[in-house]
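**Q** First the structure, then my questions, so here it is.
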Amino acid sequence: IEAAYKKKDFDTFGQLTMADSNQFHATCLDTYPPIFYMNDTSKAIVQLVHVYNKYFDPEGGGLVKLRAAYTFDAGPNAVIFCRKEHQLHLLAFLLRYFPTPTGASATYSNKPEMLSEGAAMPVEEELLRMGDATGRVSATNSHTGSGSTKQSLVGDVKMVYCTGVGDGPRVLGADEGLVNLTDGTPKPMPAKPAPVSRDASASVAAEDESQFKPVWVTSLEKTIKDNHRDMKELIKPTGPSIPSTYQMITGVIKFSALYVAFYGGLGLFEMAFRNFVSRPGRRGGFTRTSTN
């Protein structure tokens, strides 16, 4: 496969890529218990890619001259390779079987403009007939002559990413690295900006400080503030005024002090009384006697 992409031999590259993907998932199915990474939508994409290749390569049965090639990692998501000049037509063909959900034209793809252009591009009637033969229902059946809209399986694909080949590997300069080339030690992190002066507004200080807070901390602080605001609205007095938190805490402390003083004094009085009545020789007191 390395020799194929060095020669820019897309046909050989596509054949090896699809065969390797099929072998990987066949191995997963051959385990006990089997591992199912691909789902029904994944299998439908495989069939449609082979139909697409077969339409443009009738002599080779879609196995020699390729316009598209699929591969799947450990999951149901398909990656489809094609040449740049065939990208828009391939997108138009796939959108007939995985149409854009209503109202999601801006979020169904990372390139909404290309998505709209592909949806408007006409697709060959014979190609659509071959696609329908796989069991997948196309969005429109204009190739049948009726012009009515069929019930398509909208939502089987969550998003379509349209990408391209980059400009290849690049050598980064020393200033873009994270390690000092002289001694191999990590470069220091950028210094934290100086704190805002005391006379600066509180809003500016809070904004600068929030740049260094994790997202979960900022979210938690916002939730606490919102709950505090909602609680203040909930206990907002409509009649007699409600005592403040300080007044309530002060009242509890005073009550506790009186409680301790009262019962503490009562205990001391009881101890003194018992000591008084138990001493022998006291008038009115009790005299302890021994049974021996």
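Identifiers in the structure tokens: chain A, B, ... in order shown; residue index from 1 per chain; ligand index from 1 in order shown.
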List as a PyMOL selection string the protein and nucleic acid residues near range 12-23 of chain A, meaning an atom at most 8 Å away when only C-alpha atoms are counted, but skip any in the same chain fewer than 4 places from it.

**A** chain A and resi 1+4-5+27+63-64+66+68-73+81

**Q** Hey, what's within 9 Å of range 114-116 of chain A if we count only C-alpha atoms and toss same-chain stuff fewer than 6 positions away? As a list in words, please?

**A**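 Here the answer would be Leu88, Leu91, Ala92, Leu95, Thr100, Ser105, Tyr108, Val160 and Cys162 of chain A.
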
**Q** Those same residues - N, CA and C atoms - I'd like them written as a tab-separated table (two decimals), in the first residue's frame.

**A**
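Result file follows (again-v1.tsv):
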chain	number	residue	atom	x	y	z
A	88	LEU	N	-17.56	15.70	-5.14
A	88	LEU	CA	-18.89	16.30	-5.13
A	88	LEU	C	-19.94	15.33	-5.68
A	91	LEU	N	-20.60	12.67	-3.10
A	91	LEU	CA	-21.43	13.24	-2.04
A	91	LEU	C	-22.89	13.32	-2.47
A	92	ALA	N	-23.13	13.73	-3.71
A	92	ALA	CA	-24.49	13.82	-4.22
A	92	ALA	C	-25.17	12.46	-4.22
A	95	LEU	N	-25.92	11.40	-0.56
A	95	LEU	CA	-26.99	12.20	0.04
A	95	LEU	C	-28.37	11.74	-0.41
A	100	THR	N	-30.06	15.02	4.26
A	100	THR	CA	-29.92	15.95	5.38
A	100	THR	C	-31.23	16.04	6.14
A	105	SER	N	-29.30	21.66	7.90
A	105	SER	CA	-28.35	21.86	6.80
A	105	SER	C	-27.06	22.53	7.27
A	108	TYR	N	-25.24	19.42	9.64
A	108	TYR	CA	-25.08	18.05	9.14
A	108	TYR	C	-23.71	17.81	8.55
A	160	VAL	N	-21.72	14.41	8.20
A	160	VAL	CA	-20.86	14.13	7.05
A	160	VAL	C	-19.69	15.13	7.08
A	162	CYS	N	-16.42	16.55	5.21
A	162	CYS	CA	-15.75	16.65	3.91
A	162	CYS	C	-14.35	17.21	4.14

**Q** Within range 19-181 of chain A, find each residue whose DSSP state, derived from the backbone, is strand (DSSP E), and express the selection as a PyMOL selection string.

**A** chain A and resi 68-72+78-82

**Q** Which polymer residues have any atom within 6 Å of an atom of Lys187 in chain A, counting only C-alpha atoms, with same-chain residues fewer than 3 positions away left out, as a ChimeraX atom specification?

**A** /A:178-180

**Q** Write a file of the just-selected residues containing all heavy atoms, as a PDB file, in the first residue's frame.

**A**
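Okay, out.pdb is ready:
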ATOM      1  N   LEU A 178       8.533  22.140  21.893  1.00  0.00           N
ATOM      2  CA  LEU A 178       8.289  22.183  23.330  1.00  0.00           C
ATOM      3  C   LEU A 178       9.510  21.786  24.143  1.00  0.00           C
ATOM      4  O   LEU A 178       9.464  21.776  25.370  1.00  0.00           O
ATOM      5  CB  LEU A 178       7.116  21.251  23.684  1.00  0.00           C
ATOM      6  CG  LEU A 178       5.780  21.562  22.987  1.00  0.00           C
ATOM      7  CD1 LEU A 178       4.742  20.525  23.389  1.00  0.00           C
ATOM      8  CD2 LEU A 178       5.312  22.961  23.332  1.00  0.00           C
ATOM      9  N   VAL A 179      10.626  21.448  23.450  1.00  0.00           N
ATOM     10  CA  VAL A 179      11.833  20.982  24.136  1.00  0.00           C
ATOM     11  C   VAL A 179      13.016  21.828  23.687  1.00  0.00           C
ATOM     12  O   VAL A 179      13.125  22.196  22.514  1.00  0.00           O
ATOM     13  CB  VAL A 179      12.089  19.487  23.822  1.00  0.00           C
ATOM     14  CG1 VAL A 179      13.380  19.016  24.478  1.00  0.00           C
ATOM     15  CG2 VAL A 179      10.926  18.632  24.288  1.00  0.00           C
ATOM     16  N   ASN A 180      13.881  22.153  24.633  1.00  0.00           N
ATOM     17  CA  ASN A 180      15.115  22.854  24.293  1.00  0.00           C
ATOM     18  C   ASN A 180      16.054  21.904  23.557  1.00  0.00           C
ATOM     19  O   ASN A 180      16.373  20.817  24.055  1.00  0.00           O
ATOM     20  CB  ASN A 180      15.805  23.373  25.567  1.00  0.00           C
ATOM     21  CG  ASN A 180      15.026  24.491  26.207  1.00  0.00           C
ATOM     22  OD1 ASN A 180      14.522  25.372  25.534  1.00  0.00           O
ATOM     23  ND2 ASN A 180      14.910  24.448  27.536  1.00  0.00           N
TER      24      ASN A 180
END

**Q** Here is a test: counting only C-alpha atoms, which residue of A:Arg136, A:Arg129, A:Lys84, A:His89 is nearest to Gly164 in chain A?

**A** A:Lys84
